[in-house]
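Listing of start-v5.txt, compact mmCIF, C-alpha atoms
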```
# COMPACT_ATOMS: atom_id res chain seq x y z
CA GLU A 2 148.97 57.57 72.49
CA ASN A 3 149.19 56.00 69.02
CA VAL A 4 145.46 55.29 68.70
CA PRO A 5 143.53 58.33 67.42
CA LYS A 6 140.68 59.32 69.72
CA LYS A 7 138.27 59.76 66.82
CA GLY A 8 137.96 58.97 63.14
CA GLY A 9 138.08 55.68 61.30
CA VAL A 10 141.05 53.50 62.23
CA ILE A 11 142.16 49.89 61.91
CA LEU A 12 144.06 48.12 64.67
CA ALA A 13 146.06 45.33 62.99
CA ILE A 14 147.16 42.66 65.45
CA ASN A 15 149.14 39.42 65.50
CA HIS A 16 146.84 36.54 66.40
CA LYS A 17 148.04 33.70 68.59
CA SER A 18 145.12 33.00 70.92
CA ASP A 19 141.35 33.01 71.11
CA PHE A 20 141.80 35.56 73.91
CA ASP A 21 143.42 38.20 71.66
CA PRO A 22 140.16 40.09 70.95
CA VAL A 23 139.47 40.23 74.70
CA ILE A 24 142.98 41.52 75.51
CA ILE A 25 142.76 44.19 72.80
CA GLY A 26 139.23 45.11 73.88
CA ILE A 27 140.50 45.67 77.42
CA THR A 28 143.60 47.67 76.42
CA SER A 29 142.21 49.69 73.51
CA PRO A 30 141.11 53.24 74.28
CA ARG A 31 138.29 52.82 71.73
CA GLN A 32 135.32 50.54 71.28
CA LEU A 33 136.23 48.03 68.56
CA SER A 34 134.38 46.10 65.89
CA PHE A 35 135.94 43.02 64.36
CA MET A 36 135.45 40.23 61.85
CA ALA A 37 135.07 36.74 63.26
CA LYS A 38 134.88 33.55 61.27
CA ALA A 39 131.27 32.76 60.36
CA GLU A 40 131.44 29.37 62.08
CA LEU A 41 131.54 31.11 65.47
CA PHE A 42 128.04 32.45 64.85
CA GLU A 43 126.54 28.97 64.29
CA ASN A 44 126.08 28.61 68.05
CA ARG A 45 123.32 31.15 68.68
CA PHE A 46 124.34 31.78 72.29
CA PHE A 47 128.03 32.37 71.57
CA GLY A 48 127.22 34.22 68.33
CA GLY A 49 124.93 36.55 70.29
CA ILE A 50 127.64 37.28 72.84
CA ILE A 51 130.35 38.09 70.30
CA SER A 52 127.90 40.17 68.24
CA ARG A 53 127.25 42.32 71.30
CA LEU A 54 131.01 42.68 71.71
CA GLY A 55 131.31 44.13 68.19
CA ALA A 56 131.94 41.03 66.08
CA PHE A 57 130.40 40.44 62.68
CA PRO A 58 130.75 37.30 60.54
CA VAL A 59 133.19 36.80 57.68
CA HIS A 60 133.15 33.79 55.39
CA ARG A 61 136.87 33.19 55.03
CA GLY A 62 138.40 32.29 51.71
CA LYS A 63 135.37 33.44 49.72
CA GLY A 64 135.90 37.19 49.24
CA ASP A 65 132.99 37.99 51.55
CA VAL A 66 131.41 41.16 50.13
CA SER A 67 129.00 41.60 53.07
CA ALA A 68 131.92 41.59 55.54
CA LEU A 69 133.73 44.18 53.40
CA LYS A 70 130.63 46.37 53.30
CA ALA A 71 130.27 46.10 57.08
CA SER A 72 133.94 47.12 57.46
CA PHE A 73 133.50 50.09 55.13
CA LYS A 74 130.43 51.27 57.07
CA ILE A 75 132.20 51.02 60.43
CA LEU A 76 135.16 53.07 59.17
CA LYS A 77 132.95 55.56 57.29
CA ASP A 78 131.09 56.13 60.57
CA ASP A 79 134.46 56.93 62.24
CA GLY A 80 134.61 53.61 64.05
CA ALA A 81 137.61 51.55 65.09
CA MET A 82 138.14 48.09 63.69
CA LEU A 83 140.28 45.19 64.80
CA ILE A 84 141.80 43.07 62.02
CA PHE A 85 144.08 40.07 62.22
CA PRO A 86 146.15 40.40 59.00
CA GLU A 87 147.07 36.71 59.08
CA GLY A 88 143.40 35.81 58.88
CA GLY A 89 143.57 33.34 61.76
CA ARG A 90 145.64 32.20 64.70
CA VAL A 91 149.34 31.58 64.12
CA LYS A 92 151.36 29.55 66.60
CA ASN A 93 154.50 31.04 68.14
CA GLY A 94 157.44 31.05 65.80
CA GLU A 95 155.43 30.33 62.68
CA LYS A 96 155.38 32.89 59.90
CA SER A 97 152.48 33.35 57.58
CA ARG A 98 151.65 35.72 54.79
CA ALA A 99 149.25 38.56 55.39
CA LYS A 100 145.81 38.45 53.83
CA SER A 101 145.34 41.42 51.53
CA GLY A 102 142.15 42.61 53.25
CA VAL A 103 143.80 44.85 55.82
CA ALA A 104 145.57 46.92 53.14
CA MET A 105 142.65 46.87 50.73
CA ILE A 106 140.24 48.19 53.37
CA ALA A 107 142.70 50.79 54.71
CA GLN A 108 143.52 52.03 51.20
CA LYS A 109 139.89 52.14 50.05
CA MET A 110 138.73 53.98 53.19
CA CYS A 111 141.98 55.99 53.57
CA VAL A 112 142.27 55.27 57.28
CA PRO A 113 145.42 54.72 59.32
CA VAL A 114 146.46 51.28 60.48
CA ILE A 115 147.81 50.94 64.01
CA PRO A 116 150.12 47.91 64.25
CA VAL A 117 149.67 46.08 67.55
CA TYR A 118 151.81 43.27 68.90
CA ILE A 119 150.70 40.94 71.68
CA ASP A 120 153.46 39.05 73.48
CA GLY A 121 153.32 36.57 76.34
CA ASP A 122 151.67 33.33 77.32
CA TYR A 123 148.01 33.11 78.18
CA LYS A 124 148.67 31.17 81.34
CA TRP A 125 147.70 31.89 84.91
CA MET A 126 149.90 34.62 86.41
CA HIS A 127 151.93 35.13 83.23
CA LYS A 128 152.59 38.60 81.92
CA ILE A 129 151.03 39.68 78.63
CA THR A 130 152.44 42.74 76.87
CA VAL A 131 150.50 44.75 74.30
CA ILE A 132 152.51 47.18 72.18
CA TYR A 133 150.72 49.79 70.07
CA GLY A 134 152.96 50.99 67.23
CA GLU A 135 152.88 54.26 65.34
CA PRO A 136 150.11 54.71 62.74
CA ILE A 137 150.77 53.55 59.20
CA SER A 138 149.29 56.08 56.80
CA PHE A 139 147.53 55.09 53.60
CA GLU A 140 147.02 58.73 52.58
CA GLU A 141 149.47 58.53 49.67
CA TYR A 142 147.32 55.78 48.12
CA ARG A 143 144.06 57.75 48.28
CA ASP A 144 142.06 57.39 45.06
CA LYS A 145 144.81 55.31 43.39
CA LYS A 146 144.04 52.12 41.52
CA LEU A 147 146.46 49.59 43.01
CA SER A 148 147.15 46.15 41.58
CA GLY A 149 146.61 43.01 43.61
CA ASP A 150 150.38 42.68 43.99
CA GLU A 151 150.67 46.25 45.30
CA ILE A 152 147.87 45.67 47.83
CA GLN A 153 149.55 42.41 48.92
CA LEU A 154 152.87 44.21 49.39
CA LEU A 155 151.18 46.82 51.61
CA ALA A 156 149.52 44.06 53.65
CA ASP A 157 152.83 42.24 54.04
CA ASN A 158 154.43 45.50 55.21
CA VAL A 159 151.70 45.91 57.85
CA LEU A 160 152.38 42.39 59.14
CA GLU A 161 156.15 42.95 59.15
CA THR A 162 155.63 46.15 61.13
CA ILE A 163 153.52 44.29 63.69
CA TYR A 164 156.21 41.66 64.24
CA SER A 165 158.95 44.29 64.38
CA LEU A 166 157.31 45.61 67.57
CA GLY A 167 158.01 42.35 69.41
```

Would you mind giving the structure from this file in structure tokens?
Amino acid sequence: ENVPKKGGVILAINHKSDFDPVIIGITSPRQLSFMAKAELFENRFFGGIISRLGAFPVHRGKGDVSALKASFKILKDDGAMLIFPEGGRVKNGEKSRAKSGVAMIAQKMCVPVIPVYIDGDYKWMHKITVIYGEPISFEEYRDKKLSGDEIQLLADNVLETIYSLG
């Protein structure tokens, strides 16, 4: 009930396993697009599969403008995007800082962010729980020029909200 049926939206998720995009794809009421590290596209077979599933490449650590433009287009076209605010997998119990991209994209496109927490072990016959939190609005930041520190604070708040669901 927390995922809008239409309009641009970002699902921001904790990332602990390679299976997270699959689990969210199964449980999400919307078709999702998502960034995946560019190295995954080097294998043409696997890259073709994940492209068909909605993935597009991002060159991490380089401020990838093409990935940002792809994100903006998806959201402008009222699509739903999956973002891992931590930028990569984080093992259980470890804390990391959010990458600023989730907040920068949400603020620029003025779309809500749905915090999503995945809990459980990806082992045979183990329960996995997916909790969709209430939307985080970026409406108050529409058309505002935010500093890098302000964007980082918003991103950190998104990540804290995700972990508070667990």

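Across the structure, CA of Val112 (chain A) and CA of Lys77 (chain A) are spaced 9.3 Å apart.
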
Can you write out as a Markdown table which residues of region 76-154 of chain A fall within 10 Å of region 20-32 of chain A, alongside each residue's closest atom pair and its distance in Å to one decimal, counting all atoms listed in the file and ordering rows by chain and ascending residue number?
```
| residue | atom | partner | partner_atom | distance |
| --- | --- | --- | --- | --- |
| A:Gly80 | CA | A:Gln32 | CA | 7.9 |
| A:Ala81 | CA | A:Gln32 | CA | 6.7 |
| A:Met82 | CA | A:Gln32 | CA | 8.5 |
| A:Leu83 | CA | A:Pro22 | CA | 8.0 |
| A:Ile84 | CA | A:Pro22 | CA | 9.6 |
| A:Phe85 | CA | A:Pro22 | CA | 9.6 |
| A:Arg90 | CA | A:Asp21 | CA | 9.5 |
| A:Val117 | CA | A:Ile25 | CA | 8.9 |
| A:Tyr118 | CA | A:Ile25 | CA | 9.9 |
| A:Ile119 | CA | A:Asp21 | CA | 7.8 |
| A:Tyr123 | CA | A:Phe20 | CA | 7.9 |
| A:Ile129 | CA | A:Ile24 | CA | 8.8 |
| A:Thr130 | CA | A:Ile24 | CA | 9.6 |
| A:Val131 | CA | A:Thr28 | CA | 7.8 |
| A:Ile132 | CA | A:Thr28 | CA | 9.9 |
| A:Tyr133 | CA | A:Ser29 | CA | 9.2 |
```

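Every protein or nucleic acid residue with an atom no more than 12 Å from Ser97 (chain A), counting all atoms listed in the file and leaving out same-chain residues fewer than 4 positions away, appears here: A:Asn15, A:His16, A:Lys17, A:Phe85, A:Pro86, A:Glu87, A:Gly88, A:Gly89, A:Arg90, A:Val91, A:Lys92, A:Asn93, A:Ala156, A:Asp157, A:Leu160, A:Glu161, A:Tyr164.
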
Requested in this report: Counting all atoms listed in the file, write as a ChimeraX atom specification all protein and nucleic acid residues lying at most 9 Å from (153.5, 52.8, 68.1) in the file's frame.
Outcome: /A:2-4,115-117,132-136,166

Requested in this report: Considering all atoms listed in the file, return as a PyMOL selection string whatever protein or nucleic-acid residues lie within 10 Å of Gln153 (chain A), sequence-local ones (same chain, fewer than 6 positions apart) excluded.
Outcome: chain A and resi 98-105+147+159

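When all atoms listed in the file are used to compute distances to Arg53 (chain A), the closest of the residues A:Leu33, A:Leu12, A:Ala39, A:Leu154 turns out to be A:Leu33.
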
Query raised in the report: What is the CA of Phe139 (chain A) to CA of Asp120 (chain A) distance in Å?
Result: 26.2 Å

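Reported to one decimal place, the separation of CA of Met110 (chain A) from CA of Lys74 (chain A) is 9.6 Å.
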
Query raised in the report: Quick one: residues within 12 Å of Gly48 (chain A), all atoms listed in the file counted, chain neighbours fewer than 4 positions away excluded, as JSON, numbers by chain?
Result: {"A": [37, 38, 39, 40, 41, 42, 43, 44, 52, 53, 54, 55, 56, 57, 58]}

**Report entry** Minimum-distance residue to Asp122 (chain A), chosen among A:Gly167, A:Ser72, A:Ser67, A:Ser18 (using all atoms listed in the file)
**Finding:** A:Ser18

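Minimum atom-to-atom distances from A:His60, A:Lys96, A:Lys109, A:Arg45 to Gly9 (chain A) were compared using only C-alpha atoms, and the lowest value belongs to A:Lys109.
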
Requested in this report: Considering only C-alpha atoms, return as a list of chain:residue names whatever protein or nucleic-acid residues lie within 12 Å of Lys146 (chain A), sequence-local ones (same chain, fewer than 4 positions apart) excluded.
Outcome: A:Met105, A:Gln108, A:Lys109, A:Glu141, A:Tyr142, A:Asp150, A:Glu151, A:Ile152

Requested in this report: Find, counting all atoms listed in the file, the residue in A:Gly62, A:Ile106, A:Phe47, A:Thr162 that gets nearest to Leu76 (chain A).
Outcome: A:Ile106

Please write out, as lines of an AutoDock Vina configuration file, where the centre of an axis-aligned box around all listed atoms of region 58-61 of chain A lies and how long its edges are, in Å to one decimal, after adding 6 Å on each side.
```
center_x = 133.8
center_y = 35.2
center_z = 57.8
size_x = 18.1
size_y = 16.1
size_z = 17.5
```

N, CA, C and O atoms are what I want for region 53-71 of chain A; can you complete it accordingly and write them as a compact mmCIF listing (two decimals), in the coordinates of the input?
```
# COMPACT_ATOMS: atom_id res chain seq x y z
N ARG A 53 127.38 41.19 70.36
CA ARG A 53 127.25 42.32 71.30
C ARG A 53 128.60 42.95 71.63
O ARG A 53 128.68 44.10 72.02
N LEU A 54 129.66 42.17 71.46
CA LEU A 54 131.01 42.68 71.71
C LEU A 54 131.61 43.35 70.47
O LEU A 54 132.76 43.79 70.50
N GLY A 55 130.84 43.42 69.37
CA GLY A 55 131.31 44.13 68.19
C GLY A 55 131.73 43.25 67.03
O GLY A 55 132.21 43.74 66.02
N ALA A 56 131.54 41.94 67.15
CA ALA A 56 131.94 41.03 66.08
C ALA A 56 130.86 40.95 64.99
O ALA A 56 129.68 41.10 65.27
N PHE A 57 131.31 40.73 63.78
CA PHE A 57 130.40 40.44 62.68
C PHE A 57 131.04 39.33 61.85
O PHE A 57 132.25 39.19 61.80
N PRO A 58 130.21 38.49 61.21
CA PRO A 58 130.75 37.30 60.54
C PRO A 58 131.47 37.59 59.23
O PRO A 58 131.10 38.52 58.50
N VAL A 59 132.49 36.78 58.97
CA VAL A 59 133.19 36.80 57.68
C VAL A 59 133.33 35.35 57.23
O VAL A 59 133.67 34.47 58.03
N HIS A 60 132.99 35.11 55.99
CA HIS A 60 133.15 33.79 55.39
C HIS A 60 134.53 33.78 54.76
O HIS A 60 134.74 34.33 53.68
N ARG A 61 135.47 33.16 55.45
CA ARG A 61 136.87 33.19 55.03
C ARG A 61 137.09 32.42 53.75
O ARG A 61 136.44 31.41 53.51
N GLY A 62 138.02 32.95 52.94
CA GLY A 62 138.40 32.29 51.71
C GLY A 62 137.42 32.45 50.57
O GLY A 62 137.56 31.82 49.53
N LYS A 63 136.40 33.29 50.75
CA LYS A 63 135.37 33.44 49.72
C LYS A 63 135.22 34.87 49.22
O LYS A 63 134.31 35.15 48.46
N GLY A 64 136.07 35.79 49.66
CA GLY A 64 135.90 37.19 49.24
C GLY A 64 134.55 37.72 49.69
O GLY A 64 133.75 38.16 48.87
N ASP A 65 134.28 37.66 50.96
CA ASP A 65 132.99 37.99 51.55
C ASP A 65 132.65 39.47 51.39
O ASP A 65 133.13 40.32 52.14
N VAL A 66 131.78 39.77 50.44
CA VAL A 66 131.41 41.16 50.13
C VAL A 66 130.63 41.79 51.29
O VAL A 66 130.83 42.97 51.60
N SER A 67 129.78 41.03 51.96
CA SER A 67 129.00 41.60 53.07
C SER A 67 129.92 42.00 54.23
O SER A 67 129.69 43.03 54.88
N ALA A 68 130.97 41.23 54.49
CA ALA A 68 131.92 41.59 55.54
C ALA A 68 132.69 42.85 55.14
O ALA A 68 132.96 43.71 55.99
N LEU A 69 133.05 42.97 53.87
CA LEU A 69 133.73 44.18 53.40
C LEU A 69 132.83 45.40 53.55
O LEU A 69 133.26 46.45 54.03
N LYS A 70 131.56 45.26 53.17
CA LYS A 70 130.63 46.37 53.30
C LYS A 70 130.45 46.78 54.75
O LYS A 70 130.38 47.97 55.07
N ALA A 71 130.39 45.80 55.65
CA ALA A 71 130.27 46.10 57.08
C ALA A 71 131.50 46.86 57.56
O ALA A 71 131.40 47.84 58.31
```
